[in-house]
Amino acid sequence: MANEKRNNFRKREPKEFDSVVVSINRVSKTVKGGRKMRFAALVVIGDHKGRIGFGMGKAAEVPDAIKKAEEAANKNVFTVNLVDGTRTVPHATKVTHGASTVFLAPAAPGTGVIAGGAVRNILELAGVADVLSKVIGSRTSVNVVYATLNALKSMRTVEEVAKLRDKKVAEIR
């Protein structure tokens, strides 16, 4: 009986999302007594099946900042439109946030994720298998993450565009 109770506590539910810490910045505030150091964490979460989110957290210690960022990311989850079967983005897009511009384009099956830094983390967590990307301008991770997520949010499949225009898919292509 005692063993059964102990084993029940050890069973954990599998996590719904995988998380990646994109960046940790040390920030300081100058106050009367000197500088007050804190840490800002940027975390991206995803389930590799088209759902992704990101969050930022700030705290006096790094683990606390990461935990806050993960909680914020869970509140900002959205679904990415991917092309069925190929797991690539539906069309090319270029999105700017601040001084960072992110370009995403569909790629042939087997190409892989051609991306670097924060863009690669986001696309892999979203479940995108084949894509080409380029970051133009500033490579500040916060702006790159915002631009990449806005690019993924703006993606529309052919079926969605046809429905919006009250046309058939064959008329759009």
# chains A, B, ... in the order shown; residues from 1 in each chain; ligands from 1

call {"tool": "select_by_dssp", "arguments": {"residues": "chain A", "states": "strand (DSSP E)", "output": "PyMOL selection string"}}
result
chain A and resi 18-31+34-46+51-59+78-79+93-97+100-106+113-114+131-137

call {"tool": "closest_atom_pairs", "arguments": {"of": "region 6-75 of chain A", "to": "region 120-144 of chain A", "cutoff": "10 Å", "atoms": "only C-alpha atoms", "output": "Markdown table"}}
result
| residue | atom | partner | partner_atom | distance |
| --- | --- | --- | --- | --- |
| A:Phe17 | CA | A:Leu125 | CA | 8.7 |
| A:Asp18 | CA | A:Leu125 | CA | 7.3 |
| A:Ser19 | CA | A:Leu125 | CA | 8.0 |
| A:Val20 | CA | A:Asn121 | CA | 7.1 |
| A:Val21 | CA | A:Asn121 | CA | 9.1 |
| A:Val22 | CA | A:Ser141 | CA | 7.4 |
| A:Ser23 | CA | A:Ser141 | CA | 7.0 |
| A:Ile24 | CA | A:Ser141 | CA | 9.9 |
| A:Ala41 | CA | A:Val142 | CA | 9.9 |
| A:Leu42 | CA | A:Val142 | CA | 7.4 |
| A:Val43 | CA | A:Ile122 | CA | 9.9 |
| A:Val44 | CA | A:Ile122 | CA | 6.7 |
| A:Ile45 | CA | A:Leu125 | CA | 6.7 |
| A:Gly46 | CA | A:Leu125 | CA | 4.5 |
| A:Asp47 | CA | A:Leu125 | CA | 6.1 |
| A:His48 | CA | A:Gly127 | CA | 3.8 |
| A:Lys49 | CA | A:Gly127 | CA | 5.0 |
| A:Gly50 | CA | A:Ala126 | CA | 4.7 |
| A:Arg51 | CA | A:Ala126 | CA | 5.8 |
| A:Ile52 | CA | A:Ala126 | CA | 5.5 |
| A:Gly53 | CA | A:Ile122 | CA | 8.8 |
| A:Phe54 | CA | A:Ile122 | CA | 9.0 |
| A:Met56 | CA | A:Val142 | CA | 9.1 |

call {"tool": "residues_around", "arguments": {"residues": "region 150-164 of chain A", "least_positions_apart": "6", "cutoff": "7 Å", "atoms": "only C-alpha atoms", "output": "count of residues only"}}
result
8

call {"tool": "atom_distance", "arguments": {"atom1": "CA of Pro63 (chain A)", "atom2": "CA of Phe39 (chain A)"}}
result
9.3 Å

call {"tool": "select_by_dssp", "arguments": {"residues": "chain A", "states": "alpha helix (DSSP H)", "output": "compact mmCIF listing (two decimals) with C-alpha atoms, in the first residue's frame"}}
result
# COMPACT_ATOMS: atom_id res chain seq x y z
CA ALA A 2 2.78 2.43 0.88
CA ASN A 3 4.57 1.63 -2.39
CA GLU A 4 1.42 2.35 -4.41
CA LYS A 5 1.05 5.78 -2.86
CA ARG A 6 4.69 6.61 -3.46
CA ASN A 7 4.51 5.51 -7.11
CA ASN A 8 1.42 7.63 -7.76
CA PHE A 9 3.34 10.78 -6.89
CA ARG A 10 6.10 9.96 -9.34
CA VAL A 62 17.22 33.73 -13.88
CA PRO A 63 15.06 30.66 -13.07
CA ASP A 64 12.24 32.90 -11.81
CA ALA A 65 12.42 34.99 -14.99
CA ILE A 66 12.25 31.85 -17.14
CA LYS A 67 9.27 30.54 -15.17
CA LYS A 68 7.41 33.85 -15.59
CA ALA A 69 8.21 33.87 -19.30
CA GLU A 70 6.84 30.33 -19.73
CA GLU A 71 3.63 31.30 -17.93
CA ALA A 72 3.25 34.31 -20.23
CA ALA A 73 3.96 32.12 -23.27
CA ASN A 74 1.17 29.70 -22.30
CA LYS A 75 -1.27 32.62 -22.42
CA GLY A 117 18.96 31.84 -34.13
CA ALA A 118 15.53 32.71 -32.85
CA VAL A 119 13.82 32.07 -36.21
CA ARG A 120 15.00 28.43 -36.22
CA ASN A 121 13.75 27.85 -32.66
CA ILE A 122 10.32 29.24 -33.50
CA LEU A 123 9.90 27.34 -36.77
CA GLU A 124 11.00 24.02 -35.28
CA LEU A 125 8.68 24.40 -32.28
CA ALA A 126 5.83 25.28 -34.63
CA SER A 141 16.26 38.59 -30.59
CA VAL A 142 13.12 40.23 -29.18
CA ASN A 143 12.35 42.02 -32.45
CA VAL A 144 13.22 38.95 -34.53
CA VAL A 145 10.81 36.82 -32.44
CA TYR A 146 7.99 39.37 -32.79
CA ALA A 147 8.56 39.65 -36.56
CA THR A 148 8.69 35.86 -37.04
CA LEU A 149 5.52 35.28 -35.02
CA ASN A 150 3.70 38.05 -36.89
CA ALA A 151 4.82 36.44 -40.18
CA LEU A 152 3.41 33.08 -39.06
CA LYS A 153 0.15 34.72 -37.90
CA VAL A 158 -5.29 28.78 -50.41
CA GLU A 159 -8.53 27.41 -48.93
CA GLU A 160 -8.84 30.38 -46.53
CA VAL A 161 -8.19 32.92 -49.28
CA ALA A 162 -10.76 31.24 -51.54
CA LYS A 163 -13.35 31.31 -48.73
CA LEU A 164 -12.67 35.00 -48.00
CA VAL A 169 -9.61 27.01 -54.90
CA ALA A 170 -9.06 26.39 -58.63
CA GLU A 171 -9.88 30.04 -59.39
CA ILE A 172 -7.25 31.27 -56.89

call {"tool": "closest_residue", "arguments": {"among": "A:Val89, A:Ala60, A:Met37, A:Val31", "to": "Ala108 (chain A)", "atoms": "only C-alpha atoms"}}
result
A:Val89

call {"tool": "atom_distance", "arguments": {"atom1": "CA of Ala99 (chain A)", "atom2": "CA of Lys58 (chain A)"}}
result
23.0 Å

call {"tool": "closest_residue", "arguments": {"among": "A:Pro106, A:Arg35, A:Ala59, A:Asp166", "to": "Leu82 (chain A)", "atoms": "only C-alpha atoms"}}
result
A:Pro106

call {"tool": "decode", "arguments": {"residues": "region 132-145 of chain A", "atoms": "all heavy atoms", "output": "compact mmCIF listing (two decimals), in the first residue's frame"}}
result
# COMPACT_ATOMS: atom_id res chain seq x y z
N LEU A 132 12.58 28.41 -45.99
CA LEU A 132 13.75 29.26 -46.19
C LEU A 132 13.49 30.55 -45.45
O LEU A 132 12.37 31.06 -45.45
CB LEU A 132 13.95 29.56 -47.68
CG LEU A 132 14.06 28.37 -48.61
CD1 LEU A 132 14.04 28.84 -50.05
CD2 LEU A 132 15.32 27.59 -48.32
N SER A 133 14.53 31.11 -44.81
CA SER A 133 14.32 32.36 -44.08
C SER A 133 15.56 33.22 -44.13
O SER A 133 16.67 32.73 -44.37
CB SER A 133 13.95 32.09 -42.62
OG SER A 133 15.10 31.71 -41.91
N LYS A 134 15.35 34.50 -43.88
CA LYS A 134 16.45 35.46 -43.83
C LYS A 134 16.05 36.58 -42.89
O LYS A 134 14.93 37.09 -42.97
CB LYS A 134 16.73 36.02 -45.22
CG LYS A 134 17.82 37.06 -45.28
CD LYS A 134 19.17 36.46 -44.97
CE LYS A 134 20.27 37.53 -45.00
NZ LYS A 134 21.43 37.14 -44.22
N VAL A 135 16.95 36.95 -41.99
CA VAL A 135 16.73 38.11 -41.12
C VAL A 135 17.49 39.27 -41.73
O VAL A 135 18.69 39.18 -41.99
CB VAL A 135 17.21 37.84 -39.68
CG1 VAL A 135 17.04 39.08 -38.83
CG2 VAL A 135 16.46 36.68 -39.07
N ILE A 136 16.77 40.35 -41.95
CA ILE A 136 17.35 41.54 -42.57
C ILE A 136 17.31 42.66 -41.54
O ILE A 136 16.32 42.84 -40.85
CB ILE A 136 16.56 41.94 -43.83
CG1 ILE A 136 16.52 40.77 -44.81
CG2 ILE A 136 17.16 43.18 -44.49
CD1 ILE A 136 15.43 40.87 -45.84
N GLY A 137 18.40 43.41 -41.43
CA GLY A 137 18.43 44.51 -40.46
C GLY A 137 18.91 44.03 -39.11
O GLY A 137 19.76 43.15 -39.01
N SER A 138 18.34 44.57 -38.07
CA SER A 138 18.76 44.26 -36.70
C SER A 138 18.47 42.80 -36.35
O SER A 138 17.43 42.26 -36.71
CB SER A 138 18.02 45.17 -35.72
OG SER A 138 18.27 44.75 -34.40
N ARG A 139 19.41 42.18 -35.65
CA ARG A 139 19.22 40.79 -35.22
C ARG A 139 18.88 40.70 -33.74
O ARG A 139 19.08 39.66 -33.12
CB ARG A 139 20.48 39.99 -35.53
CG ARG A 139 20.56 39.64 -36.99
CD ARG A 139 21.95 39.25 -37.43
NE ARG A 139 21.99 38.73 -38.78
CZ ARG A 139 21.79 39.41 -39.87
NH1 ARG A 139 21.46 40.67 -39.80
NH2 ARG A 139 21.89 38.85 -41.04
N THR A 140 18.36 41.78 -33.17
CA THR A 140 17.93 41.78 -31.78
C THR A 140 16.87 40.70 -31.60
O THR A 140 15.83 40.71 -32.28
CB THR A 140 17.35 43.15 -31.39
OG1 THR A 140 18.32 44.15 -31.67
CG2 THR A 140 16.96 43.19 -29.93
N SER A 141 17.11 39.78 -30.68
CA SER A 141 16.26 38.59 -30.59
C SER A 141 14.80 38.90 -30.30
O SER A 141 13.91 38.24 -30.83
CB SER A 141 16.81 37.61 -29.54
OG SER A 141 16.91 38.24 -28.29
N VAL A 142 14.52 39.90 -29.50
CA VAL A 142 13.12 40.23 -29.18
C VAL A 142 12.39 40.68 -30.44
O VAL A 142 11.28 40.20 -30.73
CB VAL A 142 13.04 41.33 -28.09
CG1 VAL A 142 11.61 41.73 -27.85
CG2 VAL A 142 13.68 40.85 -26.80
N ASN A 143 12.99 41.55 -31.22
CA ASN A 143 12.35 42.02 -32.45
C ASN A 143 12.25 40.92 -33.49
O ASN A 143 11.25 40.84 -34.22
CB ASN A 143 13.12 43.22 -33.03
CG ASN A 143 12.92 44.48 -32.22
OD1 ASN A 143 11.98 44.57 -31.44
ND2 ASN A 143 13.81 45.43 -32.38
N VAL A 144 13.25 40.05 -33.57
CA VAL A 144 13.22 38.95 -34.53
C VAL A 144 12.08 37.99 -34.17
O VAL A 144 11.35 37.51 -35.05
CB VAL A 144 14.58 38.22 -34.57
CG1 VAL A 144 14.47 36.92 -35.36
CG2 VAL A 144 15.63 39.11 -35.18
N VAL A 145 11.89 37.71 -32.87
CA VAL A 145 10.81 36.82 -32.44
C VAL A 145 9.45 37.43 -32.78
O VAL A 145 8.58 36.75 -33.34
CB VAL A 145 10.91 36.52 -30.92
CG1 VAL A 145 9.65 35.86 -30.41
CG2 VAL A 145 12.11 35.63 -30.65
